[in-house]
Amino acid sequence: MNRLSALPWRREFNGWARSDGVTWIYIFKVLIAAFLTYWLALRLELPQPRTALITVFIVMQPQSGHVFAKSFYRILGTLAGSSMMVLFMALFAQNSELFLGCLSLWVGICSAGAARYRNFRAYGFVLAGYTAAMVGLPALAHPEGSFMAAVWRVLEISLGIVCSTAVSAAILPQSSSAAMRNALYQRFGVFAQFVSDGLRGVTERAAFEAGNVRFTVEAIGLEGLRSVTVFEDPHMRRRNGRLNRLNSEFMAMTTRFNALHQLLERLRGRDGSQVFTAIDLGLITLAELLDGFAGQALTDRDAARLVERLEAYKSSLPARVRSLRGALLQTGPDDADLLDFHTAYELLYRFVNDLHDYAQTHASLADHNHVREGWDEPFVSKTNWMTSVAAGLRGTVILSIMSVYWVATAWPSGATMILVSAATLGLSAMTPNPRRMSFQMACGTLLGAVCGFVETFFLFPFIDGFPLLCLLLAPVFVFGAFLASRPQWVGYGVGLLIFFCIGSVPDNLTVYNPYTFVNDYIAMVIGMLICAAAGAIILPPNSGWMWRRLEDDLRRQVVFAISAPLRGLGSRFESRTRDLLHQAYGLAAGKPQVQRHLLRWMFSVLEIGHAIIELRREQAVLPIHPSYAESQPWRQAIRVMGRSLIRLFIQPDRNNLARSLYAVDHAITLVRNTDEPFAPHFDTSALRRVQSYLHFIRTSLLDPQSPLAAYASQYSSQGLAHAS
């Protein structure tokens, strides 16, 4: 009886341990790393122990691999910022106006880099700008000490990094490689359930869209984890090429299934469609095959079992297709129905092939060395250059204005205002909403000012010894780390932790000066509020202009699929398109209509772009025969179609859509009328495969769920009915 009553309690405890328990372990480790670093900095009599303490709060992450990666880029950023500051000081030590102007440009460049390079590489740019300001501004009064100031900052930051890394790796370590393996194993089970439901036609449109957003986020998240695990785990480092390949194959697999699902949905909308009945009979076997893996973690052994089942399915698929096609021909289908049948099974065959490749790569992770490790098609991110330019412009303008104000007023806390603004600009440039991040940091800093005033002037004078000092600092650190662990409150936590350290944590020689204390905190809050205002006024990235730019970038991915070199094109196209959608989704947070519109553009771009890439691959491996010559009318028609699609996706309108549809129809007709020397089956006939992809492009252009449907109102009702 007692054992049964304990089971619910254990389940609740395990659930808490996997969620909030991980957060409290992280907070506990932050406290240990912070106080260890602070004690060592005081014992070593470093000039600014708070700099080492701030490093701990910036570097610490729940997983050790993230700490290693963040530390690596922080060191690089610190060295770059210190070197640039020494150069500026050597050139403009006697002219503060030129020094501040160059510093503003440098911070603007670093802010642009932080917006351009995401994940932990962005921290290198943040630190490059922040370190130059942190070292250079105090050194303006004593230029002869600028080099030693840079050396001290590097030593203080290095101390914080060493302590953070040691604590993260030694005390209850949370491995990034373990998190990646878990995410990798769980992802396929979710996808298998998604495919099984889609093949049976039980997936709602909203669930289909939500599933694709989830897979996009997971693909980009796993790419971030993969780049982190190379710092942490030699076991995963030996499999880096296969992990990269898995992510690429998963994106290709989801795109292929999306294309198949969209075609099936169009056919389901046609009442009494004989062709859909014939196609549906061949899909049940695949759905039943995937049922055994749906909702379950795919281990290496399970992946090997999946490979065997897919090989058996692939070997029997051509005979099954010929049998179903023979039964369909007895019903007297028209040419459009036959095209739908061939296109559906061409997509299915390619999808099964992609599944097989993915399962083979997944199963190969069990081996220390494997031939599939040789993969040279990395994930390619795509950031709109206007986002980076806007972040850089905000940084340069804000620091220039503040520098002019400081020089004109000689405000003693003006240097603090510029220093804090440089840090705020860099940190907010990494987020989709700089205004919100800057405002949250200002609120966190204001809370830190209140806590710091109470502790500095009412508590610190009455304590003695390092343990009591830690006891007073711990509540602020715990609360700040807790806020920083919550994505919706991260700005408050960062503001409280970092700027409480700057304004309130005692140095080796503590000075109790209320005037300077209040002025410095006023300067910090004003600097952050000005950064927040700039984020709302100077080209805010979460406004309509940015969505339109990203939508344009999404559409131009079709141009990329048509014109880019074919080698490695599939992986580059997939990763760039999904990365653009991920950015757009973040910028359009809270605006579901905008997100849905951008998502549908992604579907259209992926479907048509992938079909174009397949067409290019088919043409690249055609046998030497007069039917496949470059001068053949059908190949010229495909080139004309490509140019018309470029015009359509650069400037979508009714006329360009009509031209593209005419070009696709013309290419289909020419391919159909061309004789070739091989049997007319989808596994032997190149022209049948070409015709299927052309037909799929046509149905995608006429898809009523596509954004292009708004321009198809004047097209023939017959064409629209066929597509729907």
# chains A, B, ... in the order shown; residues from 1 in each chain; ligands from 1
>>> residues_around(residues="Met528 in chain A", least_positions_apart="2", cutoff="7 Å", atoms="only C-alpha atoms", output="VMD selection string")
chain A and resid 421 424 438 to 439 442 524 to 526 530 to 532
>>> residues_around(residues="range 91-103 of chain A", least_positions_apart="4", cutoff="12 Å", atoms="only C-alpha atoms", output="ChimeraX atom specification")
/A:81-82,84-87,107-110,128-146,395-408,415,418-419,422
>>> closest_atom_pairs(of="range 273-292 of chain A", to="range 344-352 of chain A", cutoff="9 Å", atoms="only C-alpha atoms", output="tab-separated table")
residue	atom	partner	partner_atom	distance
A:Ile279	CA	A:Ala344	CA	7.3
A:Gly282	CA	A:Tyr345	CA	8.7
A:Leu283	CA	A:Leu348	CA	8.5
A:Leu286	CA	A:Val352	CA	8.7
>>> select_by_dssp(residues="range 462-692 of chain A", states="alpha helix (DSSP H)", output="ChimeraX atom specification")
/A:466-484,490-504,514-537,544-563,569-587,592-620,633-650,654-672,686-692
>>> residues_around(residues="Asn513 in chain A", least_positions_apart="4", cutoff="12 Å", atoms="only C-alpha atoms", output="MDAnalysis selection string")
chainID A and resid 453 456:457 503:504 517:520
>>> residues_around(residues="Val494 in chain A", least_positions_apart="6", cutoff="10 Å", atoms="only C-alpha atoms", output="list in words")
Ile54, Phe57, Ile58, Thr424, Leu427, Met437, Gln440, Met441, Ala442, Gly444, Thr445, Gly480, Ala481, Leu483, Ala484, Ser485 and Phe500 of chain A
>>> residues_around(residues="Phe215 in chain A", least_positions_apart="4", cutoff="8 Å", atoms="only C-alpha atoms", output="list in words")
Gly211, Ala219 and Thr254 of chain A
>>> write_last_selection(atoms="N, CA and C atoms", output="mmCIF file, in the first residue's frame")
data_model
loop_
_atom_site.group_PDB
_atom_site.id
_atom_site.type_symbol
_atom_site.label_atom_id
_atom_site.label_comp_id
_atom_site.auth_asym_id
_atom_site.auth_seq_id
_atom_site.Cartn_x
_atom_site.Cartn_y
_atom_site.Cartn_z
ATOM 1 N N GLY A 211 3.471 21.747 -36.724
ATOM 2 C CA GLY A 211 4.507 20.728 -36.792
ATOM 3 C C GLY A 211 5.702 21.183 -37.599
ATOM 4 N N ALA A 219 15.543 21.951 -36.010
ATOM 5 C CA ALA A 219 16.693 21.838 -36.912
ATOM 6 C C ALA A 219 17.727 22.910 -36.600
ATOM 7 N N THR A 254 11.747 16.417 -44.364
ATOM 8 C CA THR A 254 10.515 17.140 -44.024
ATOM 9 C C THR A 254 9.988 17.918 -45.224
#
>>> closest_atom_pairs(of="range 494-565 of chain A", to="range 38-44 of chain A", cutoff="10 Å", atoms="only C-alpha atoms", output="JSON lines")
{"residue": "A:Val505", "atom": "CA", "partner": "A:Tyr38", "partner_atom": "CA", "distance": 9.7}
{"residue": "A:Pro506", "atom": "CA", "partner": "A:Leu42", "partner_atom": "CA", "distance": 9.8}
{"residue": "A:Asp507", "atom": "CA", "partner": "A:Leu42", "partner_atom": "CA", "distance": 7.6}
{"residue": "A:Asn508", "atom": "CA", "partner": "A:Leu42", "partner_atom": "CA", "distance": 6.1}
{"residue": "A:Leu509", "atom": "CA", "partner": "A:Leu42", "partner_atom": "CA", "distance": 9.9}
>>> atom_distance(atom1="CA of Ala429 in chain A", atom2="CA of Leu155 in chain A")
26.6 Å
>>> residues_around(residues="range 28-37 of chain A", least_positions_apart="6", cutoff="8 Å", atoms="only C-alpha atoms", output="list in words")
Ala52, Leu53, Val56, Phe57, Met60, Leu159, Gly160, Cys163, Ser164, Val167, Ser168, Ile171, Cys470, Ala474, Phe477, Val478 and Ala481 of chain A
>>> atom_distance(atom1="CA of Ala294 in chain A", atom2="CA of Gly198 in chain A")
12.5 Å
>>> residues_around(residues="range 648-652 of chain A", least_positions_apart="2", cutoff="8 Å", atoms="only C-alpha atoms", output="short mmCIF file (atom, residue, chain, number, x, y, z; two decimals) with C-alpha atoms, in the first residue's frame")
data_model
loop_
_atom_site.label_atom_id
_atom_site.label_comp_id
_atom_site.auth_asym_id
_atom_site.auth_seq_id
_atom_site.Cartn_x
_atom_site.Cartn_y
_atom_site.Cartn_z
CA ASP A 552 11.44 39.12 -50.07
CA ARG A 555 10.90 34.43 -52.16
CA ARG A 556 14.39 34.97 -53.54
CA VAL A 558 13.64 30.24 -55.44
CA VAL A 559 16.03 32.41 -57.45
CA SER A 644 9.60 33.17 -65.59
CA LEU A 645 9.73 31.78 -62.03
CA ILE A 646 12.55 34.18 -61.19
CA ARG A 654 -1.08 38.34 -61.75
CA ASN A 656 3.98 37.04 -63.84
CA LEU A 657 1.94 34.15 -62.41
CA SER A 660 4.88 31.10 -65.24
CA LEU A 708 0.21 33.13 -54.87
CA TYR A 711 -2.92 36.50 -57.98
#
>>> closest_atom_pairs(of="range 549-617 of chain A", to="range 384-389 of chain A", cutoff="8 Å", atoms="only C-alpha atoms", output="Markdown table")
| residue | atom | partner | partner_atom | distance |
| --- | --- | --- | --- | --- |
| A:Arg549 | CA | A:Asn384 | CA | 7.6 |
| A:Leu550 | CA | A:Asn384 | CA | 7.0 |
| A:Asp553 | CA | A:Asn384 | CA | 7.5 |
>>> write_last_selection(atoms="C-alpha atoms", output="mmCIF file, in the first residue's frame")
data_model
loop_
_atom_site.group_PDB
_atom_site.id
_atom_site.type_symbol
_atom_site.label_atom_id
_atom_site.label_comp_id
_atom_site.auth_asym_id
_atom_site.auth_seq_id
_atom_site.Cartn_x
_atom_site.Cartn_y
_atom_site.Cartn_z
ATOM 1 C CA ARG A 549 12.449 42.290 -46.272
ATOM 2 C CA LEU A 550 12.395 38.754 -44.887
ATOM 3 C CA ASP A 553 14.450 37.076 -48.939
#
>>> closest_residue(among="A:Ser315, A:Asn542, A:Asn182, A:Ser604", to="Pro434 in chain A", atoms="only C-alpha atoms")
A:Asn542
